[in-house]
Amino acid sequence: MKITDTVAAISTAYGNSGIGVIRISGEDSITIADKIFVSHNNKKDNFLASCKSHTAHFGKIVDNGEEIDEVLVLIMKGPHSFTGEDTIEINCHGGMLVLKKVLETVIKAGARTAEPGEFTKRAFLNGKMDLTQAEAVMDLINSKNDLAHKSSIGQLNGRVSDAIKKLREDIIYHIAFIESALDDPEHISLDGYSDEISKMLDKNIKEIERLSSSFENGRIIKEGIKTVILGKPNAGKSSLLNLMLGEERAIVTDIEGTTRDTLEENINLSGISLNIVDTAGIRESDDKVEQIGVSKSKEMAEDADLIIFVVDGGKPLDDNDKAIIDIIKGKQSIVLLNKIDKDIVLDKEEIKNNYGLDAILFSAKTGDGMSQLEEEIKNKFYLGKINMNDEVYITNIRHKEALDEAKVSLMNVVQTVNDQMPEDFYSIDLMNAYEQLGLIIGESVEDDLAEEIFSKFCMGK
């Protein structure tokens, strides 16, 4: 696909800052920049065109003789640039008025405004990266914790791509072998071939299953742990949220039922990203508004990765507590025996013996037990499971769906082999598996899929 136009956009975040960057990419980017750039020694006519690639030049941007700003211009000639095209980056002062004026001058000189994600899309179309790496760019920008950052860097460096390409190499080899044998049976024999292809299928199906099963951990790495705080009214749920946030975000009173709706926040807890939801206290009530809040609390718990059950240690367990215990059965959960800063009537051994739940002694008021809560979350989701050194994690649902489709196709080949069908029947499902895997890295991507992916990118990237 030949890209002929030149695009430009502000590539730094909107808002005042010390420095801002306007990126220009396309075959006319250097010509356009030459029209508006005057070097510090007043060399103007085609100055940038005569400069070497990957050099920086100090000067000013002018519009019809009027100086807009002092700038530093970086030249990166294709194909040795992010997009694979001639690229100019204008580093100017970071005030929004200045950035907009410089961009307007670039547009007047012949560029058009870039669409969201267009620079990365051009990098993909120009073969500078495959689709998994392009998606990793946005994941890297949006990463919320160290694990998400490392996962995105690994994907950007081709860790997922390499795994998918290896699978495709094995599959295409067998497709080619079958086709060659059918075309030239005198020189290429298929005797005993069913055993050979069965070994390939067994190995690659296991690898696809391993990659697909990594999605749950990958999703948590990328998006964070969806955490729901449950408890009966006045157990200390909102106080816990405020403690974890380090600010008074939720209203806390002695009046039961203060929280009527869910309150959602993202918390980075010692490198762990929690998408945490404070819910209405669960209890039987005749108040219709409170009933709605309780129903919503139960719905949120159904989809949670983790439930933190806050127990009021100052009161015996009642039917409301027991209803919550029923909700958390079979789910990842942590029980906090709260209010240990006061006289408590509950004992953690009672909870353990009667309900099989280990409780952490906790005070949402003083923070006692907070370090143990953090350690318990790490143990449940990361320790022994997450290894960012050489492990490949699937973090994108699109990738998982394509892997699952590829597995179905390879399982069909297994069935065809077991049914002792002719070898030419193998090729149909093998090719479908090959194409499904190709969708992941963009080898056989459709235009509408590419548009959907890159439309989610931020402007200027």
# chains A, B, ... in the order shown; residues from 1 in each chain; ligands from 1
$ select_by_dssp --residues "range 7-222 of chain A" --states "alpha helix (DSSP H)" --output "number ranges by chain"
A: 29-36, 96-108, 118-125, 131-142, 146-156, 159-183, 193-213, 215-222
$ closest_residue --among "A:Ile61, A:Val106, A:Ile453, A:Met76" --to "Ala49 in chain A" --atoms "only C-alpha atoms"
A:Met76
$ residues_around --residues "range 396-398 of chain A" --least-positions-apart "4" --cutoff "8 Å" --atoms "only C-alpha atoms" --output "JSON, numbers by chain"
{"A": [215, 218, 219, 402, 440]}
$ closest_residue --among "A:Met96, A:Glu423, A:Ile307, A:Lys165" --to "Glu435 in chain A" --atoms "only C-alpha atoms"
A:Lys165
$ atom_distance --atom1 "CA of Ile225 in chain A" --atom2 "CA of Ile153 in chain A"
20.3 Å
$ residues_around --residues "range 356-371 of chain A" --least-positions-apart "2" --cutoff "7 Å" --atoms "only C-alpha atoms" --output "PyMOL selection string"
chain A and resi 236+239-240+243+335-341+348+351-354+373-375
$ residues_around --residues "Lys121 in chain A" --least-positions-apart "4" --cutoff "8 Å" --atoms "only C-alpha atoms" --output "PyMOL selection string"
chain A and resi 117+125+134+454
$ residues_around --residues "Ala301 in chain A" --least-positions-apart "3" --cutoff "9 Å" --atoms "only C-alpha atoms" --output "CSV table (one decimal) with all heavy atoms, in the first residue's frame"
chain,number,residue,atom,x,y,z
A,227,THR,N,-11.6,-5.5,41.8
A,227,THR,CA,-11.7,-5.8,43.2
A,227,THR,C,-13.0,-5.2,43.7
A,227,THR,O,-13.2,-4.0,43.6
A,227,THR,CB,-10.5,-5.3,44.0
A,227,THR,OG1,-9.3,-5.7,43.4
A,227,THR,CG2,-10.6,-5.7,45.4
A,228,VAL,N,-13.8,-6.0,44.4
A,228,VAL,CA,-15.1,-5.5,45.0
A,228,VAL,C,-15.0,-5.7,46.5
A,228,VAL,O,-14.6,-6.7,47.0
A,228,VAL,CB,-16.3,-6.3,44.4
A,228,VAL,CG1,-17.5,-5.9,45.1
A,228,VAL,CG2,-16.4,-6.0,42.9
A,229,ILE,N,-15.3,-4.6,47.2
A,229,ILE,CA,-15.4,-4.6,48.7
A,229,ILE,C,-16.8,-4.9,49.1
A,229,ILE,O,-17.7,-4.1,48.7
A,229,ILE,CB,-14.9,-3.2,49.2
A,229,ILE,CG1,-13.5,-2.9,48.8
A,229,ILE,CG2,-15.0,-3.3,50.8
A,229,ILE,CD1,-13.1,-1.5,49.2
A,230,LEU,N,-17.0,-6.0,49.8
A,230,LEU,CA,-18.3,-6.3,50.3
A,230,LEU,C,-18.3,-6.3,51.8
A,230,LEU,O,-17.3,-6.5,52.5
A,230,LEU,CB,-18.7,-7.7,49.9
A,230,LEU,CG,-19.0,-8.0,48.4
A,230,LEU,CD1,-19.5,-9.4,48.2
A,230,LEU,CD2,-20.0,-7.0,47.8
A,296,LYS,N,-27.1,-4.2,43.2
A,296,LYS,CA,-25.9,-3.8,42.4
A,296,LYS,C,-24.6,-4.4,43.0
A,296,LYS,O,-23.7,-4.8,42.2
A,296,LYS,CB,-25.8,-2.3,42.2
A,296,LYS,CG,-24.9,-1.8,41.1
A,296,LYS,CD,-25.1,-0.3,40.8
A,296,LYS,CE,-24.3,0.1,39.6
A,296,LYS,NZ,-24.5,1.6,39.4
A,297,SER,N,-24.5,-4.4,44.3
A,297,SER,CA,-23.3,-4.9,45.0
A,297,SER,C,-23.2,-6.4,44.6
A,297,SER,O,-22.0,-6.8,44.3
A,297,SER,CB,-23.5,-4.8,46.5
A,297,SER,OG,-23.6,-3.4,46.9
A,298,LYS,N,-24.3,-7.1,44.6
A,298,LYS,CA,-24.2,-8.6,44.3
A,298,LYS,C,-23.8,-8.8,42.9
A,298,LYS,O,-23.0,-9.7,42.6
A,298,LYS,CB,-25.5,-9.2,44.6
A,298,LYS,CG,-25.9,-9.2,46.1
A,298,LYS,CD,-27.3,-9.8,46.4
A,298,LYS,CE,-27.6,-9.8,47.9
A,298,LYS,NZ,-28.9,-10.4,48.2
A,304,ALA,N,-16.3,-10.1,39.7
A,304,ALA,CA,-15.0,-9.6,40.4
A,304,ALA,C,-13.9,-10.7,40.2
A,304,ALA,O,-14.2,-11.9,40.2
A,304,ALA,CB,-15.3,-9.3,41.9
A,305,ASP,N,-12.7,-10.2,40.1
A,305,ASP,CA,-11.5,-11.0,40.2
A,305,ASP,C,-11.2,-11.3,41.6
A,305,ASP,O,-10.7,-12.4,42.0
A,305,ASP,CB,-10.3,-10.4,39.5
A,305,ASP,CG,-10.5,-10.1,38.1
A,305,ASP,OD1,-11.0,-11.0,37.4
A,305,ASP,OD2,-10.1,-9.0,37.6
A,306,LEU,N,-11.5,-10.4,42.5
A,306,LEU,CA,-11.2,-10.5,43.9
A,306,LEU,C,-12.3,-9.8,44.7
A,306,LEU,O,-12.7,-8.7,44.4
A,306,LEU,CB,-9.8,-9.8,44.2
A,306,LEU,CG,-9.4,-9.7,45.7
A,306,LEU,CD1,-9.2,-11.0,46.3
A,306,LEU,CD2,-8.2,-8.8,45.9
A,307,ILE,N,-12.7,-10.5,45.8
A,307,ILE,CA,-13.6,-9.8,46.7
A,307,ILE,C,-12.9,-9.7,48.1
A,307,ILE,O,-12.4,-10.6,48.6
A,307,ILE,CB,-14.9,-10.7,46.9
A,307,ILE,CG1,-15.7,-10.8,45.6
A,307,ILE,CG2,-15.8,-10.2,48.0
A,307,ILE,CD1,-16.8,-11.8,45.6
A,327,ILE,N,-22.0,-15.7,49.0
A,327,ILE,CA,-21.7,-15.0,47.8
A,327,ILE,C,-20.2,-15.3,47.4
A,327,ILE,O,-19.9,-15.5,46.2
A,327,ILE,CB,-21.9,-13.5,47.9
A,327,ILE,CG1,-23.4,-13.2,48.0
A,327,ILE,CG2,-21.3,-12.7,46.7
A,327,ILE,CD1,-23.7,-11.7,48.3
A,328,ILE,N,-19.3,-15.3,48.4
A,328,ILE,CA,-17.9,-15.4,48.1
A,328,ILE,C,-17.4,-16.9,47.9
A,328,ILE,O,-16.2,-17.1,47.6
A,328,ILE,CB,-17.0,-14.7,49.1
A,328,ILE,CG1,-17.1,-15.4,50.5
A,328,ILE,CG2,-17.4,-13.2,49.2
A,328,ILE,CD1,-16.2,-14.8,51.5
$ closest_residue --among "A:Val345, A:Ser143, A:Ile334, A:Thr105" --to "Gln372 in chain A" --atoms "only C-alpha atoms"
A:Ile334
$ atom_distance --atom1 "CA of Ile220 in chain A" --atom2 "CA of Val137 in chain A"
18.0 Å
$ residues_around --residues "Leu156 in chain A" --least-positions-apart "2" --cutoff "7 Å" --atoms "only C-alpha atoms" --output "list in words"
Gln133, Ala136, Val137, Ser152, Ile153, Gly154 and Gly158 of chain A
$ atom_distance --atom1 "CA of Asn275 in chain A" --atom2 "CA of Glu376 in chain A"
16.5 Å
$ closest_residue --among "A:Lys52, A:Ile324, A:Val73, A:Cys458" --to "Asn142 in chain A" --atoms "only C-alpha atoms"
A:Cys458
$ closest_residue --among "A:Pro422, A:Gly224, A:Pro316, A:Gly94" --to "Ile377 in chain A" --atoms "only C-alpha atoms"
A:Gly224
